[in-house]
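K.L.:
Sharing query.txt here; it has compact mmCIF, C-alpha atoms and all ligand atoms.
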# COMPACT_ATOMS: atom_id res chain seq x y z
CA MET I 1 0.00 0.00 0.00
CA ALA I 2 1.14 3.54 -0.81
CA GLU I 3 2.00 6.02 1.92
CA THR I 4 -1.07 7.76 3.34
CA LEU I 5 -2.05 10.97 1.52
CA ARG I 6 -3.23 13.95 3.51
CA VAL I 7 -5.95 15.70 1.51
CA LEU I 8 -7.28 19.06 2.66
CA VAL I 9 -10.73 20.26 1.58
CA THR I 10 -11.70 23.78 2.69
CA GLY I 11 -15.33 24.84 2.90
CA ALA I 12 -15.92 21.17 3.63
CA ALA I 13 -19.27 21.77 5.36
CA GLY I 14 -20.67 23.35 2.17
CA GLN I 15 -22.62 21.78 -0.62
CA ILE I 16 -19.67 20.97 -2.91
CA GLY I 17 -17.87 19.42 0.05
CA TYR I 18 -20.87 17.19 0.69
CA SER I 19 -20.79 15.88 -2.90
CA LEU I 20 -16.99 15.61 -3.05
CA LEU I 21 -15.72 13.97 0.11
CA TYR I 22 -17.14 10.51 -0.50
CA SER I 23 -15.40 10.17 -3.88
CA ILE I 24 -12.02 11.22 -2.47
CA ALA I 25 -12.35 8.95 0.55
CA ASN I 26 -13.59 6.04 -1.58
CA GLY I 27 -10.46 5.97 -3.78
CA ASP I 28 -12.19 7.30 -6.89
CA VAL I 29 -9.57 10.05 -7.29
CA PHE I 30 -6.17 8.85 -6.04
CA GLY I 31 -6.70 5.13 -6.56
CA LYS I 32 -8.14 2.13 -4.78
CA ASP I 33 -4.87 1.32 -3.03
CA GLN I 34 -4.24 4.82 -1.70
CA PRO I 35 -4.99 5.38 2.02
CA ILE I 36 -6.30 8.87 2.76
CA ILE I 37 -6.46 11.17 5.76
CA LEU I 38 -8.98 13.95 5.20
CA HIS I 39 -8.31 17.39 6.65
CA LEU I 40 -11.57 19.36 6.65
CA LEU I 41 -11.50 23.11 7.24
CA ASP I 42 -14.45 25.41 7.67
CA ILE I 43 -15.26 28.57 9.60
CA THR I 44 -16.18 28.32 13.29
CA PRO I 45 -19.99 28.63 12.87
CA ALA I 46 -19.92 25.68 10.44
CA LEU I 47 -18.07 23.32 12.78
CA GLY I 48 -21.31 21.69 13.97
CA ALA I 49 -22.34 20.78 10.43
CA LEU I 50 -18.77 19.67 9.68
CA GLY I 51 -18.95 17.30 12.64
CA GLY I 52 -22.05 15.78 11.04
CA VAL I 53 -20.15 15.25 7.78
CA LYS I 54 -17.45 13.44 9.75
CA LEU I 55 -20.08 11.16 11.34
CA GLU I 56 -21.39 10.30 7.86
CA LEU I 57 -17.89 9.58 6.56
CA GLU I 58 -17.44 7.16 9.48
CA ASP I 59 -20.77 5.56 8.60
CA CYS I 60 -19.64 5.04 4.98
CA SER I 61 -17.23 2.45 6.38
CA LEU I 62 -14.56 3.18 3.79
CA PRO I 63 -11.47 0.93 3.84
CA LEU I 64 -9.06 3.63 2.57
CA LEU I 65 -10.10 6.37 4.99
CA ARG I 66 -7.61 6.42 7.88
CA ASP I 67 -8.71 9.56 9.72
CA VAL I 68 -10.83 12.71 9.42
CA VAL I 69 -9.48 15.91 10.99
CA CYS I 70 -12.15 18.63 11.37
CA THR I 71 -10.95 22.10 12.28
CA ASP I 72 -11.41 25.86 11.97
CA GLN I 73 -7.64 26.42 12.42
CA GLU I 74 -5.48 26.84 9.32
CA ALA I 75 -2.36 25.68 11.21
CA VAL I 76 -4.06 22.31 11.82
CA ALA I 77 -5.76 22.07 8.44
CA PHE I 78 -2.66 22.76 6.31
CA LYS I 79 -0.19 20.69 8.40
CA ASP I 80 1.85 18.32 6.20
CA ILE I 81 -0.79 18.11 3.48
CA ASP I 82 -0.11 16.54 0.06
CA ILE I 83 -3.20 17.94 -1.68
CA ALA I 84 -5.25 21.09 -1.04
CA VAL I 85 -8.68 21.55 -2.56
CA LEU I 86 -9.61 25.12 -1.72
CA VAL I 87 -13.39 25.26 -2.06
CA GLY I 88 -14.43 27.64 0.73
CA ALA I 89 -14.71 31.28 -0.36
CA MET I 90 -16.68 34.41 0.41
CA PRO I 91 -19.95 34.28 -1.55
CA ARG I 92 -21.30 37.37 -3.26
CA LYS I 93 -23.89 39.02 -1.01
CA GLU I 94 -26.66 41.31 -2.13
CA GLY I 95 -25.42 44.79 -2.93
CA MET I 96 -21.77 43.71 -2.79
CA GLU I 97 -19.52 45.33 -5.37
CA ARG I 98 -17.18 43.14 -7.41
CA LYS I 99 -14.20 44.90 -5.82
CA ASP I 100 -15.49 44.22 -2.29
CA LEU I 101 -15.96 40.54 -3.17
CA LEU I 102 -12.43 40.40 -4.56
CA ALA I 103 -11.01 42.08 -1.46
CA ALA I 104 -12.85 39.66 0.86
CA ASN I 105 -11.49 36.70 -1.08
CA VAL I 106 -7.99 38.15 -1.22
CA ARG I 107 -8.01 38.11 2.59
CA ILE I 108 -8.97 34.40 2.61
CA PHE I 109 -6.53 33.28 -0.09
CA LYS I 110 -3.65 35.41 1.19
CA SER I 111 -4.08 33.74 4.56
CA GLN I 112 -4.39 30.25 3.04
CA GLY I 113 -1.39 30.87 0.75
CA THR I 114 0.64 31.82 3.83
CA ALA I 115 -0.64 28.68 5.59
CA LEU I 116 0.47 26.57 2.61
CA GLU I 117 3.91 28.18 2.75
CA THR I 118 4.24 27.58 6.48
CA HIS I 119 2.61 24.21 7.06
CA ALA I 120 2.15 22.17 3.86
CA LYS I 121 4.61 19.82 2.17
CA LYS I 122 6.61 21.65 -0.50
CA THR I 123 5.32 19.10 -3.02
CA VAL I 124 1.67 19.94 -2.23
CA LYS I 125 -0.67 20.20 -5.22
CA VAL I 126 -3.30 22.91 -4.90
CA LEU I 127 -6.63 23.13 -6.70
CA VAL I 128 -8.61 26.34 -6.17
CA VAL I 129 -12.37 26.07 -6.69
CA GLY I 130 -13.78 28.99 -4.67
CA ASN I 131 -14.63 31.97 -6.86
CA PRO I 132 -13.19 34.05 -8.40
CA ALA I 133 -11.15 30.87 -8.83
CA ASN I 134 -8.37 32.08 -11.18
CA THR I 135 -7.55 35.16 -9.13
CA ASN I 136 -7.88 33.38 -5.78
CA CYS I 137 -5.40 30.80 -7.09
CA LEU I 138 -2.96 33.51 -8.17
CA ILE I 139 -3.10 35.11 -4.72
CA ALA I 140 -2.62 31.80 -2.88
CA SER I 141 0.44 31.06 -5.06
CA LYS I 142 1.87 34.55 -4.48
CA TYR I 143 1.84 33.99 -0.71
CA ALA I 144 3.43 30.55 -0.98
CA PRO I 145 6.66 31.49 -2.81
CA SER I 146 8.57 28.33 -1.80
CA ILE I 147 5.99 26.09 -3.48
CA PRO I 148 6.43 25.95 -7.28
CA ALA I 149 3.78 27.98 -9.14
CA GLU I 150 3.21 24.86 -11.29
CA ASN I 151 1.74 23.15 -8.20
CA PHE I 152 -1.21 25.58 -8.28
CA SER I 153 -4.23 25.29 -10.57
CA CYS I 154 -7.84 26.42 -10.63
CA LEU I 155 -10.95 24.57 -11.71
CA THR I 156 -12.20 25.13 -15.26
CA ARG I 157 -12.90 21.42 -15.72
CA LEU I 158 -16.58 21.98 -14.97
CA ASP I 159 -16.76 24.34 -17.97
CA HIS I 160 -14.80 21.78 -20.01
CA ASN I 161 -17.23 19.00 -19.02
CA ARG I 162 -20.19 21.27 -19.79
CA ALA I 163 -18.77 21.90 -23.27
CA LYS I 164 -18.33 18.17 -23.89
CA GLY I 165 -21.86 17.54 -22.64
CA GLN I 166 -23.37 20.09 -25.02
CA VAL I 167 -21.52 18.67 -28.05
CA ALA I 168 -22.53 15.12 -27.08
CA LEU I 169 -26.19 16.15 -26.85
CA LYS I 170 -26.03 17.96 -30.19
CA THR I 171 -24.36 15.10 -32.08
CA GLY I 172 -26.17 12.18 -30.39
CA VAL I 173 -23.08 10.56 -28.87
CA THR I 174 -21.88 10.18 -25.28
CA ALA I 175 -19.43 12.62 -23.70
CA ALA I 176 -16.69 9.97 -24.00
CA GLN I 177 -16.91 10.35 -27.79
CA VAL I 178 -16.04 14.06 -27.60
CA ARG I 179 -12.36 15.00 -27.27
CA LYS I 180 -10.07 18.03 -27.35
CA VAL I 181 -12.49 20.76 -26.33
CA THR I 182 -10.78 23.77 -24.73
CA ILE I 183 -11.79 26.39 -22.20
CA TRP I 184 -9.60 29.46 -22.53
CA GLY I 185 -9.29 32.13 -19.85
CA ASN I 186 -11.36 32.92 -16.80
CA HIS I 187 -13.87 30.70 -15.00
CA SER I 188 -16.51 33.36 -15.65
CA SER I 189 -18.91 34.31 -18.40
CA THR I 190 -16.02 35.78 -20.44
CA GLN I 191 -14.42 32.33 -20.87
CA PHE I 192 -13.99 31.08 -24.43
CA PRO I 193 -15.27 27.52 -24.91
CA ASP I 194 -13.46 26.52 -28.11
CA LEU I 195 -14.47 23.66 -30.43
CA ARG I 196 -12.09 24.54 -33.27
CA HIS I 197 -9.76 21.62 -32.47
CA ALA I 198 -12.35 19.28 -30.97
CA GLU I 199 -13.20 15.85 -32.41
CA VAL I 200 -16.29 13.69 -32.23
CA THR I 201 -16.50 9.95 -32.85
CA LEU I 202 -19.95 9.41 -34.33
CA ALA I 203 -22.24 6.40 -33.83
CA THR I 204 -20.95 5.10 -37.20
CA GLY I 205 -17.45 4.89 -35.69
CA GLU I 206 -16.19 7.69 -37.91
CA THR I 207 -14.19 10.45 -36.21
CA LYS I 208 -14.82 14.00 -37.49
CA SER I 209 -13.87 17.48 -36.40
CA ALA I 210 -16.56 18.89 -34.09
CA TYR I 211 -17.35 21.56 -36.71
CA ASP I 212 -17.96 18.86 -39.37
CA ALA I 213 -19.93 16.67 -36.97
CA ILE I 214 -22.17 19.55 -35.89
CA GLN I 215 -22.46 21.19 -39.34
CA ASP I 216 -23.93 24.33 -37.82
CA GLU I 217 -21.46 27.13 -37.18
CA ASN I 218 -24.27 29.44 -36.19
CA TRP I 219 -25.20 27.03 -33.34
CA ILE I 220 -21.59 26.93 -32.17
CA LYS I 221 -21.24 30.71 -32.11
CA ASN I 222 -24.68 31.75 -30.92
CA THR I 223 -25.94 28.85 -28.81
CA PHE I 224 -23.07 26.60 -27.67
CA ILE I 225 -20.71 29.35 -26.51
CA PRO I 226 -23.25 31.38 -24.50
CA VAL I 227 -24.83 28.22 -23.03
CA VAL I 228 -21.47 27.07 -21.65
CA GLN I 229 -20.50 30.59 -20.54
CA LYS I 230 -23.78 31.11 -18.66
CA ARG I 231 -24.43 27.54 -17.47
CA GLY I 232 -23.59 28.39 -13.85
CA ALA I 233 -26.23 31.13 -13.80
CA ALA I 234 -28.80 28.79 -15.43
CA ILE I 235 -28.25 26.24 -12.65
CA ILE I 236 -28.61 28.87 -9.92
CA ALA I 237 -31.83 30.11 -11.55
CA ALA I 238 -33.26 26.57 -11.64
CA ARG I 239 -31.96 25.12 -8.36
CA LYS I 240 -31.68 28.34 -6.34
CA LEU I 241 -28.27 26.93 -5.44
CA SER I 242 -25.06 26.82 -7.45
CA SER I 243 -23.83 23.64 -9.11
CA ALA I 244 -22.48 21.15 -6.60
CA MET I 245 -22.79 17.59 -7.98
CA SER I 246 -21.22 18.54 -11.31
CA ALA I 247 -18.63 20.73 -9.59
CA ALA I 248 -17.61 17.85 -7.33
CA LYS I 249 -17.39 15.51 -10.36
CA ALA I 250 -15.21 18.07 -12.17
CA ILE I 251 -12.92 18.42 -9.13
CA CYS I 252 -12.46 14.63 -9.09
CA ASP I 253 -11.75 14.60 -12.86
CA HIS I 254 -9.22 17.44 -12.52
CA LEU I 255 -7.35 15.84 -9.63
CA ARG I 256 -7.40 12.32 -11.11
CA ASP I 257 -6.01 13.47 -14.46
CA TRP I 258 -3.33 15.61 -12.78
CA TRP I 259 -2.34 12.61 -10.62
CA PHE I 260 -2.56 9.75 -13.12
CA GLY I 261 -2.22 11.59 -16.46
CA THR I 262 -4.52 12.46 -19.36
CA PRO I 263 -5.38 9.97 -22.14
CA GLU I 264 -2.99 9.91 -25.11
CA ASN I 265 -5.50 11.24 -27.64
CA ASP I 266 -7.15 13.94 -25.53
CA TRP I 267 -6.44 16.96 -23.35
CA VAL I 268 -8.20 18.77 -20.50
CA SER I 269 -8.65 22.40 -19.46
CA MET I 270 -6.97 23.70 -16.31
CA GLY I 271 -6.42 27.20 -15.00
CA VAL I 272 -2.63 27.43 -14.67
CA ILE I 273 0.12 30.02 -14.57
CA SER I 274 0.81 31.36 -18.07
CA ASP I 275 4.32 31.00 -19.50
CA GLY I 276 3.37 33.33 -22.35
CA SER I 277 1.93 30.54 -24.54
CA TYR I 278 -0.57 31.72 -27.17
CA GLY I 279 0.36 35.33 -26.38
CA VAL I 280 -1.27 35.18 -22.94
CA GLU I 281 0.56 37.50 -20.55
CA LYS I 282 3.20 35.59 -18.56
CA GLY I 283 2.16 35.14 -14.93
CA LEU I 284 -1.59 35.38 -15.55
CA LEU I 285 -3.64 32.48 -14.12
CA TYR I 286 -5.44 31.48 -17.31
CA SER I 287 -7.25 28.33 -18.45
CA PHE I 288 -5.37 26.46 -21.22
CA PRO I 289 -5.61 23.08 -22.90
CA VAL I 290 -3.15 20.89 -20.98
CA LYS I 291 -1.86 17.34 -20.98
CA CYS I 292 -0.72 15.73 -17.74
CA SER I 293 1.87 13.05 -17.10
CA ASN I 294 4.14 12.28 -14.12
CA LYS I 295 1.87 14.50 -11.99
CA THR I 296 2.85 17.52 -14.13
CA TRP I 297 0.78 19.54 -16.58
CA THR I 298 2.05 20.90 -19.89
CA ILE I 299 0.23 23.41 -22.07
CA VAL I 300 -0.70 21.90 -25.46
CA GLN I 301 1.28 23.83 -28.06
CA GLY I 302 0.81 24.62 -31.71
CA LEU I 303 -2.97 25.06 -31.93
CA GLU I 304 -3.95 27.46 -34.68
CA ILE I 305 -5.58 30.68 -33.41
CA ASN I 306 -7.53 32.79 -35.91
CA ASP I 307 -8.59 36.44 -35.48
CA TRP I 308 -12.03 35.53 -34.11
CA ALA I 309 -10.54 33.23 -31.46
CA ARG I 310 -7.78 35.72 -30.63
CA ASP I 311 -10.40 38.37 -29.94
CA LEU I 312 -12.30 36.09 -27.52
CA MET I 313 -9.06 34.96 -25.83
CA ASN I 314 -7.99 38.58 -25.34
CA LYS I 315 -11.34 39.59 -23.88
CA THR I 316 -11.17 36.99 -21.10
CA ALA I 317 -7.47 37.79 -20.53
CA GLN I 318 -8.39 41.44 -20.10
CA GLU I 319 -10.91 40.56 -17.38
CA LEU I 320 -8.25 38.52 -15.60
CA VAL I 321 -5.77 41.40 -15.77
CA GLU I 322 -8.36 43.70 -14.17
CA GLU I 323 -9.19 41.12 -11.46
CA ARG I 324 -5.49 40.58 -10.76
CA ASN I 325 -4.79 44.31 -10.51
CA ASP I 326 -7.72 44.85 -8.13
CA ALA I 327 -6.66 41.83 -6.06
CA LEU I 328 -3.04 43.00 -5.84
CA GLU I 329 -4.25 46.42 -4.77
CA ALA I 330 -6.36 44.77 -2.05
CA CYS I 331 -3.30 42.74 -0.93
CA ASN I 332 -1.42 45.90 -0.13
CA LYS I 333 -4.19 47.44 1.96
N1 LIG I 401 -14.59 26.86 -10.27
C1 LIG I 401 -15.76 26.28 -10.44
O1 LIG I 401 -15.99 25.65 -11.48
C2 LIG I 401 -16.83 26.36 -9.40
C3 LIG I 401 -18.02 25.63 -9.56
C4 LIG I 401 -19.00 25.70 -8.57
C5 LIG I 401 -18.81 26.50 -7.45
N2 LIG I 401 -17.66 27.20 -7.33
C6 LIG I 401 -17.39 28.03 -6.14
O2 LIG I 401 -17.07 27.15 -5.06
C7 LIG I 401 -17.31 27.81 -3.83
C8 LIG I 401 -18.06 26.89 -2.87
O3 LIG I 401 -19.32 26.57 -3.39
P1 LIG I 401 -20.40 25.80 -2.49
O4 LIG I 401 -21.61 25.62 -3.35
O5 LIG I 401 -19.82 24.60 -1.82
O6 LIG I 401 -20.70 26.93 -1.40
P2 LIG I 401 -21.35 26.75 0.04
O7 LIG I 401 -21.73 28.14 0.47
O8 LIG I 401 -22.32 25.65 0.10
O9 LIG I 401 -20.08 26.29 0.92
C9 LIG I 401 -18.98 27.09 1.13
C10 LIG I 401 -18.35 26.69 2.45
O10 LIG I 401 -17.15 27.43 2.61
C11 LIG I 401 -17.07 27.83 3.95
N3 LIG I 401 -16.13 28.94 4.07
C12 LIG I 401 -16.34 30.27 3.83
N4 LIG I 401 -15.21 30.96 4.09
C13 LIG I 401 -14.27 30.06 4.46
C14 LIG I 401 -12.93 30.16 4.87
N5 LIG I 401 -12.31 31.34 4.95
N6 LIG I 401 -12.26 29.03 5.19
C15 LIG I 401 -12.87 27.84 5.15
N7 LIG I 401 -14.16 27.68 4.79
C16 LIG I 401 -14.85 28.78 4.45
C17 LIG I 401 -18.50 28.17 4.33
O11 LIG I 401 -18.70 28.17 5.74
C18 LIG I 401 -19.24 27.02 3.65
O12 LIG I 401 -19.34 25.87 4.49
C19 LIG I 401 -18.04 29.11 -4.20
O13 LIG I 401 -17.09 30.16 -4.22
C20 LIG I 401 -18.54 28.83 -5.61
O14 LIG I 401 -18.73 30.03 -6.33
C21 LIG I 401 -16.67 27.14 -8.28
Please express the file's structure as structure tokens.
Ligand SMILES: NC(=O)c1ccc[n+]([C@@H]2O[C@H](COP(=O)([O-])OP(=O)(O)OC[C@H]3O[C@@H](n4cnc5c(N)ncnc54)[C@H](O)[C@@H]3O)[C@@H](O)[C@H]2O)c1
P.N.:
Amino acid sequence: MAETLRVLVTGAAGQIGYSLLYSIANGDVFGKDQPIILHLLDITPALGALGGVKLELEDCSLPLLRDVVCTDQEAVAFKDIDIAVLVGAMPRKEGMERKDLLAANVRIFKSQGTALETHAKKTVKVLVVGNPANTNCLIASKYAPSIPAENFSCLTRLDHNRAKGQVALKTGVTAAQVRKVTIWGNHSSTQFPDLRHAEVTLATGETKSAYDAIQDENWIKNTFIPVVQKRGAAIIAARKLSSAMSAAKAICDHLRDWWFGTPENDWVSMGVISDGSYGVEKGLLYSFPVKCSNKTWTIVQGLEINDWARDLMNKTAQELVEERNDALEACNK
């Protein structure tokens, strides 16, 4: 059996936490021979509910789960961790300005970045889910300078999975038959869900480009893109709660692929630190198409970018620059 992994989930008493913890503890993410100790962090008023989650985890009777540490103390939560899934964040409240929301989250992710620096293993892998995910991730990384920036990523896999789902529905195949979709940029409504390099294997067994399989460019531009961009809002409008089941599934997909590698003939979308690829400003936390192997991601190179795509990629980059500048300003206050 492998050495026990310490996996931190923050905001663990929340609705994503409730959908996520079972899969991690059951071996669906890090493997069926990987013992796990869960570190669960939430704020003090949520400790009662968190205790209930711990009772349920015990009742699941999971062979890989060695211990569950519930705490409201970062020093305990971040101690010696191998993986950090940062889900807890300040939600937008009525009347709250975007800048105020950013500033509130900067406080959280500055503190958690510092806790990573001080208490976590230097090899820790960090996935930021709490919104605004890209900018929160950038801030956490900034305050953990001794941990490589490549160990930080943010979740755009939910958008990626949504894009695959929409193409599968449109072409009458399953999501497994859709490959090489890309989410560029911010996990927000400015993201660019890109099908220009995507492929679909049709029921006949023939593999076509997504554009040829769909045969409806108007649908791609005027239905597919806005549906994926605004899917989060559509779920809130219907459920009166934000996506949790699909978010938890996407977190598991992201972590599993980072850990075990992506399939040979496919790639995934991850928010990662830009090295300047595709003209995206170096140092921006931007979603790219990536392949993973040996627990390391690499940005897929050489994809053709036309003027239309460039425009959409720049728009979402611009939003990220503004978010970053506001967040950095808030850091110095
Ligand atoms: N990136 C994505 O694709 C994606 C998808 C869905 C949701 N989200 C985001 O994930 C976050 C969590 O969503 P949810 O539905 O679970 O929310 P939720 O409100 O149900 O749960 C959030 C939990 O975080 C806790 N929390 C707040 N501040 C904290 C802090 N400083 N430290 C530790 N815990 C803290 C809260 O007490 C709560 O238990 C939100 O920011 C949401 O916008 C991101």
K.L.:
Could you work out how far CA of Pro226 in chain I lies from atom C7 of ligand LIG 401 (chain I), giving the answer in Å with one decimal?
P.N.:
21.8 Å
K.L.:
Grab all the atoms of ligand LIG 401 (chain I) that the file lists, wrap them in a box along x, y and z, add 8 Å per side, and give me centre plus edge lengths in Å (one decimal) as lines of an AutoDock Vina configuration file.
P.N.:
center_x = -17.3
center_y = 28.0
center_z = -2.9
size_x = 26.1
size_y = 22.7
size_z = 33.2
K.L.:
With ligand LIG 401 (chain I) as the partner and 7 Å as the cut-off, tabulate the residues of chain I that qualify, each row holding the nearest pair of atoms and their distance in Å to one decimal, using only C-alpha atoms and all ligand atoms, sorted by chain and rising number, as JSON lines.
P.N.:
{"residue": "I:Thr10", "atom": "CA", "partner": "I:LIG401", "partner_atom": "C15", "distance": 4.9}
{"residue": "I:Gly11", "atom": "CA", "partner": "I:LIG401", "partner_atom": "O10", "distance": 3.2}
{"residue": "I:Ala12", "atom": "CA", "partner": "I:LIG401", "partner_atom": "O12", "distance": 5.9}
{"residue": "I:Ala13", "atom": "CA", "partner": "I:LIG401", "partner_atom": "O12", "distance": 4.2}
{"residue": "I:Gly14", "atom": "CA", "partner": "I:LIG401", "partner_atom": "O9", "distance": 3.2}
{"residue": "I:Gln15", "atom": "CA", "partner": "I:LIG401", "partner_atom": "O8", "distance": 3.9}
{"residue": "I:Ile16", "atom": "CA", "partner": "I:LIG401", "partner_atom": "O5", "distance": 3.8}
{"residue": "I:Gly17", "atom": "CA", "partner": "I:LIG401", "partner_atom": "O5", "distance": 5.8}
{"residue": "I:Leu41", "atom": "CA", "partner": "I:LIG401", "partner_atom": "C15", "distance": 5.3}
{"residue": "I:Asp42", "atom": "CA", "partner": "I:LIG401", "partner_atom": "N7", "distance": 3.7}
{"residue": "I:Ile43", "atom": "CA", "partner": "I:LIG401", "partner_atom": "N7", "distance": 5.0}
{"residue": "I:Ala46", "atom": "CA", "partner": "I:LIG401", "partner_atom": "O11", "distance": 5.5}
{"residue": "I:Val87", "atom": "CA", "partner": "I:LIG401", "partner_atom": "C7", "distance": 5.0}
{"residue": "I:Gly88", "atom": "CA", "partner": "I:LIG401", "partner_atom": "O10", "distance": 3.3}
{"residue": "I:Ala89", "atom": "CA", "partner": "I:LIG401", "partner_atom": "N4", "distance": 4.5}
{"residue": "I:Met90", "atom": "CA", "partner": "I:LIG401", "partner_atom": "N4", "distance": 5.3}
{"residue": "I:Pro91", "atom": "CA", "partner": "I:LIG401", "partner_atom": "O13", "distance": 5.7}
{"residue": "I:Ile108", "atom": "CA", "partner": "I:LIG401", "partner_atom": "N5", "distance": 5.1}
{"residue": "I:Val129", "atom": "CA", "partner": "I:LIG401", "partner_atom": "N1", "distance": 4.3}
{"residue": "I:Gly130", "atom": "CA", "partner": "I:LIG401", "partner_atom": "O13", "distance": 3.5}
{"residue": "I:Asn131", "atom": "CA", "partner": "I:LIG401", "partner_atom": "O13", "distance": 4.0}
{"residue": "I:Pro132", "atom": "CA", "partner": "I:LIG401", "partner_atom": "O13", "distance": 6.9}
{"residue": "I:Ala133", "atom": "CA", "partner": "I:LIG401", "partner_atom": "N1", "distance": 5.5}
{"residue": "I:Cys154", "atom": "CA", "partner": "I:LIG401", "partner_atom": "N1", "distance": 6.8}
{"residue": "I:Leu155", "atom": "CA", "partner": "I:LIG401", "partner_atom": "N1", "distance": 4.5}
{"residue": "I:Thr156", "atom": "CA", "partner": "I:LIG401", "partner_atom": "O1", "distance": 5.4}
{"residue": "I:Arg157", "atom": "CA", "partner": "I:LIG401", "partner_atom": "O1", "distance": 6.7}
{"residue": "I:Leu158", "atom": "CA", "partner": "I:LIG401", "partner_atom": "O1", "distance": 5.1}
{"residue": "I:Asp159", "atom": "CA", "partner": "I:LIG401", "partner_atom": "O1", "distance": 6.7}
{"residue": "I:His187", "atom": "CA", "partner": "I:LIG401", "partner_atom": "N1", "distance": 6.1}
{"residue": "I:Ser242", "atom": "CA", "partner": "I:LIG401", "partner_atom": "O4", "distance": 5.5}
{"residue": "I:Ser243", "atom": "CA", "partner": "I:LIG401", "partner_atom": "C4", "distance": 5.3}
{"residue": "I:Ala244", "atom": "CA", "partner": "I:LIG401", "partner_atom": "O4", "distance": 5.6}
{"residue": "I:Ala247", "atom": "CA", "partner": "I:LIG401", "partner_atom": "C3", "distance": 4.9}
K.L.:
Using all atoms listed in the file for the distances, tell me which of I:Asp253, I:Asp28, I:Glu3, I:Glu58 is nearest to Leu127 in chain I.
P.N.:
I:Asp253
K.L.:
Counting only C-alpha atoms, which residues of range 251-315 of chain I fall within 12 Å of range 23-26 of chain I, and what is the closest atom pair for each with its distance in Å at one decimal, ordered by chain and rising number, as a Markdown table?
P.N.:
| residue | atom | partner | partner_atom | distance |
| --- | --- | --- | --- | --- |
| I:Ile251 | CA | I:Ile24 | CA | 9.8 |
| I:Cys252 | CA | I:Ile24 | CA | 7.5 |
| I:Asp253 | CA | I:Ser23 | CA | 10.7 |
| I:Leu255 | CA | I:Ile24 | CA | 9.7 |
| I:Arg256 | CA | I:Ile24 | CA | 9.9 |
K.L.:
Which residues, written as a count of residues only, have at least one atom at most 12 Å from Phe78 in chain I, with all atoms listed in the file counted and residues fewer than 3 positions away on the same chain left out?
P.N.:
37
K.L.:
Of the candidates I:Ser293, I:Thr4, I:Thr171, I:Thr316, which shows the shortest atom-to-atom distance to Ala213 in chain I, using only C-alpha atoms?
P.N.:
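Looking only at the distances to Ala213 in chain I, the closest residue turns out to be I:Thr171.
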K.L.:
When you look at range 276-289 of chain I with a cut-off of 9 Å (counting only C-alpha atoms), what residues show up, excluding the ones that are within fewer than 2 positions of it in the same chain? I need them as number ranges by chain.
P.N.:
I: 134-135, 137-138, 153-156, 180-187, 191, 267-274, 291, 298-303, 305, 310, 313-314, 316-317, 320-321, 324
K.L.:
What does the file look like for those residues with C-alpha atoms, as an mmCIF file, keeping the file's coordinate frame?
P.N.:
data_model
loop_
_atom_site.group_PDB
_atom_site.id
_atom_site.type_symbol
_atom_site.label_atom_id
_atom_site.label_comp_id
_atom_site.auth_asym_id
_atom_site.auth_seq_id
_atom_site.Cartn_x
_atom_site.Cartn_y
_atom_site.Cartn_z
ATOM 1 C CA ASN I 134 -8.370 32.080 -11.180
ATOM 2 C CA THR I 135 -7.550 35.160 -9.130
ATOM 3 C CA CYS I 137 -5.400 30.800 -7.090
ATOM 4 C CA LEU I 138 -2.960 33.510 -8.170
ATOM 5 C CA SER I 153 -4.230 25.290 -10.570
ATOM 6 C CA CYS I 154 -7.840 26.420 -10.630
ATOM 7 C CA LEU I 155 -10.950 24.570 -11.710
ATOM 8 C CA THR I 156 -12.200 25.130 -15.260
ATOM 9 C CA LYS I 180 -10.070 18.030 -27.350
ATOM 10 C CA VAL I 181 -12.490 20.760 -26.330
ATOM 11 C CA THR I 182 -10.780 23.770 -24.730
ATOM 12 C CA ILE I 183 -11.790 26.390 -22.200
ATOM 13 C CA TRP I 184 -9.600 29.460 -22.530
ATOM 14 C CA GLY I 185 -9.290 32.130 -19.850
ATOM 15 C CA ASN I 186 -11.360 32.920 -16.800
ATOM 16 C CA HIS I 187 -13.870 30.700 -15.000
ATOM 17 C CA GLN I 191 -14.420 32.330 -20.870
ATOM 18 C CA TRP I 267 -6.440 16.960 -23.350
ATOM 19 C CA VAL I 268 -8.200 18.770 -20.500
ATOM 20 C CA SER I 269 -8.650 22.400 -19.460
ATOM 21 C CA MET I 270 -6.970 23.700 -16.310
ATOM 22 C CA GLY I 271 -6.420 27.200 -15.000
ATOM 23 C CA VAL I 272 -2.630 27.430 -14.670
ATOM 24 C CA ILE I 273 0.120 30.020 -14.570
ATOM 25 C CA SER I 274 0.810 31.360 -18.070
ATOM 26 C CA LYS I 291 -1.860 17.340 -20.980
ATOM 27 C CA THR I 298 2.050 20.900 -19.890
ATOM 28 C CA ILE I 299 0.230 23.410 -22.070
ATOM 29 C CA VAL I 300 -0.700 21.900 -25.460
ATOM 30 C CA GLN I 301 1.280 23.830 -28.060
ATOM 31 C CA GLY I 302 0.810 24.620 -31.710
ATOM 32 C CA LEU I 303 -2.970 25.060 -31.930
ATOM 33 C CA ILE I 305 -5.580 30.680 -33.410
ATOM 34 C CA ARG I 310 -7.780 35.720 -30.630
ATOM 35 C CA MET I 313 -9.060 34.960 -25.830
ATOM 36 C CA ASN I 314 -7.990 38.580 -25.340
ATOM 37 C CA THR I 316 -11.170 36.990 -21.100
ATOM 38 C CA ALA I 317 -7.470 37.790 -20.530
ATOM 39 C CA LEU I 320 -8.250 38.520 -15.600
ATOM 40 C CA VAL I 321 -5.770 41.400 -15.770
ATOM 41 C CA ARG I 324 -5.490 40.580 -10.760
#
